[in-house]
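Chemist: Dumping the structure here so I can ask a few things about it.
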Amino acid sequence: MNDTRDIPDETHHGAPAHTARTADAPHPAQAPHPADAPPPISALLDAAAQAALPVLRAVRNDQLGRPTPCSEYDVRALLNHLFQVVVAFQTLAAKKDVDFSRTPDRLGEYGAQWPDRFADETVRLVEAWAAPGAEDGLTGGMQLPARTVGAMVLLDLTVHAWDVARAIGRPYAPAAGCVTELRALAARMALTARTMNVFADPVPVPPGASDLDALLAETGRDPHWTAG
């Protein structure tokens with residue numbers, strides 16, 4: 001996914017305080033579900049956030065101007081976009097309208113504390129999608145199935161973490177289970193996403209390419225992109 005802001009009304013605050021999980025309190029994403037059912041979106045979002053956060057925390061100030069595989073964004077702009085998405089999709093989980101018409105400069109607002117603030121917002125995101133009924137019905141300006149909308153923010157967390165990792169030269173491995181969900185999403189949404197300039201044209205990949213490389217190529221990314 002190049003940019004979820006192109007999806008009309010699909011995506012939006014408060015001043016978050018750092019949120020810690022207690023050892024004796026189960027995470028809302030860990031609620032039991034039938035063995036033959038797909039994992040809850042909240043569980044996948046939690047896993048994706050835990051995979052992304054080490055990459056985001058590794059970004060240095062002198063790397064914020066670097067280019068990324070998302071050609072319209074440098075690292076700073078991409079982080080602000082991802083921040084916005086993570087906040088916006090909390091509201092979409094509650095079946096409320098959001099405003100994605102402008103991107104706040106949260107890195108400027110939070111300064112050196114932005115990684116902790118981002119981590120707080122991912123906790124809130126997981127909680128929002130773990131709420132009863134969050135995956136039911138329709139949500140967003142396009143009135144898409146709620147689970148599809150939840151998968152959209154999962155896509156951003158996964159693919160944009162890869163974007164940042166490539167831009168700053170860090171390793172990144174997506175959370176288990178996320179790529180399977182996201183390849184199914186891409187198969188359903190790719191044509192619409194390209195029409196709306198959310199995905200670029202697909203990039204060819206050789207036979208036997210990894211699932212992650214195939215997902216990246218479907219969104220229009222070169223899996224072997226480097227900053228040069």
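Labeling convention for the structure tokens: chains A, B, ... as they appear, residues from 1 per chain, ligands from 1 in order of appearance.
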Using only C-alpha atoms, which protein or nucleic acid residues come within 12 Å of A:Pro204? Drop anything in the same chain fewer than 2 positions from it, and give the result as a list in words.
Modeler: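 Listed by chain and then number, they are Asp201, Pro202, Pro206, Pro207, Gly208, Ala209, Asp213, Ala214, Leu215, Leu216, Ala217, Glu218, Thr219, Gly220, Arg221, Asp222, Pro223 and His224 of chain A.
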Chemist: Have a look at A:Arg147, A:Arg57, A:Arg188, A:Arg166 and name the one nearest to A:Phe118; count only C-alpha atoms.
Modeler: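 Looking at the shortest contact to A:Phe118, the residue is A:Arg57.
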Chemist: DSSP on the backbone: what in stretch 21-194 of chain A comes out strand (DSSP E), as a PyMOL selection string?
Modeler: chain A and resi 138-139+144-145
Chemist: I'd like to know which of A:Gln143, A:Val59, A:Ala200, A:Arg170 is closest to A:Ala112, using only C-alpha atoms.
Modeler: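 That would be A:Val59, the residue with the smallest distance to A:Ala112.
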Chemist: Which of these residues is nearest to A:Leu107, using only C-alpha atoms: A:Pro69, A:Leu144, A:Glu135, A:His81?
Modeler: A:His81
Chemist: Could you tell me how far atom CA of A:Gly150 sits from atom CA of A:Ala93, in Å to one decimal place?
Modeler: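 Computing it gives 7.4 Å between the two atoms.
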Chemist: So how many Å separate atom CA of A:Arg106 and atom CA of A:Arg76, to one decimal?
Modeler: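 It comes out at 9.8 Å.
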Chemist: Would you work out the distance separating atom CA of A:Thr148 from atom CA of A:Leu185, expressed in Å to one decimal?
Modeler: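 Going from atom CA of A:Thr148 over to atom CA of A:Leu185 covers 7.2 Å.
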Chemist: Of the candidates A:Val203, A:Ala186, A:Ala119, A:Ala47, which one gets nearest to A:Val86 if we count only C-alpha atoms?
Modeler: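 Distance minimum relative to A:Val86 lands on A:Ala119.
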Chemist: Once DSSP has gone over the backbone, tell me which residues of stretch 30-225 of chain A are in helix (DSSP H, G or I), as a PyMOL selection string.
Modeler: chain A and resi 30+41-57+61-63+75-93+106-130+146-168+178-195+211-218
Chemist: Residues at most 12 Å from A:Pro67, counting only C-alpha atoms, excluding those fewer than 4 positions away in the same chain, as a short mmCIF file (atom, residue, chain, number, x, y, z; two decimals) with N, CA and C atoms, in the first residue's frame?
Modeler:
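Written file, part.cif:
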data_model
loop_
_atom_site.label_atom_id
_atom_site.label_comp_id
_atom_site.auth_asym_id
_atom_site.auth_seq_id
_atom_site.Cartn_x
_atom_site.Cartn_y
_atom_site.Cartn_z
N GLN A 63 18.57 10.28 9.77
CA GLN A 63 18.01 9.41 8.73
C GLN A 63 16.62 9.84 8.28
N SER A 71 7.74 6.27 -2.82
CA SER A 71 8.51 7.35 -3.43
C SER A 71 8.07 8.74 -3.03
N GLU A 72 6.79 8.92 -2.68
CA GLU A 72 6.33 10.27 -2.31
C GLU A 72 6.70 10.66 -0.89
N TYR A 73 7.28 9.74 -0.13
CA TYR A 73 7.62 9.99 1.27
C TYR A 73 9.11 9.83 1.53
N ASP A 74 9.69 10.75 2.30
CA ASP A 74 10.95 10.43 2.94
C ASP A 74 10.61 9.76 4.27
N VAL A 75 11.64 9.42 5.05
CA VAL A 75 11.39 8.66 6.29
C VAL A 75 10.50 9.44 7.24
N ARG A 76 10.78 10.73 7.41
CA ARG A 76 9.98 11.53 8.34
C ARG A 76 8.51 11.58 7.91
N ALA A 77 8.27 11.86 6.64
CA ALA A 77 6.90 11.94 6.15
C ALA A 77 6.19 10.59 6.27
N LEU A 78 6.91 9.51 6.01
CA LEU A 78 6.30 8.19 6.12
C LEU A 78 5.94 7.87 7.56
N ASP A 163 9.27 -0.57 4.55
CA ASP A 163 9.77 0.64 3.88
C ASP A 163 10.84 1.33 4.73
N VAL A 164 10.52 1.53 6.00
CA VAL A 164 11.46 2.22 6.90
C VAL A 164 12.73 1.41 7.06
N ALA A 165 12.58 0.10 7.24
CA ALA A 165 13.75 -0.76 7.41
C ALA A 165 14.68 -0.67 6.20
N ARG A 166 14.10 -0.70 5.00
CA ARG A 166 14.93 -0.59 3.81
C ARG A 166 15.62 0.77 3.73
N ALA A 167 14.89 1.81 4.12
CA ALA A 167 15.45 3.16 4.03
C ALA A 167 16.62 3.37 4.97
N ILE A 168 16.59 2.72 6.15
CA ILE A 168 17.66 2.94 7.12
C ILE A 168 18.63 1.77 7.22
N GLY A 169 18.42 0.76 6.38
CA GLY A 169 19.36 -0.36 6.35
C GLY A 169 19.26 -1.29 7.53
N TRP A 225 14.55 -3.17 -3.38
CA TRP A 225 14.82 -1.72 -3.36
C TRP A 225 15.92 -1.39 -2.37
N THR A 226 16.80 -0.49 -2.77
CA THR A 226 17.80 0.08 -1.85
C THR A 226 17.81 1.59 -2.04
N ALA A 227 18.31 2.26 -1.01
CA ALA A 227 18.36 3.72 -1.06
C ALA A 227 19.43 4.21 -2.03
N GLY A 228 20.27 3.32 -2.48
CA GLY A 228 21.32 3.71 -3.43
C GLY A 228 22.48 4.34 -2.73
#
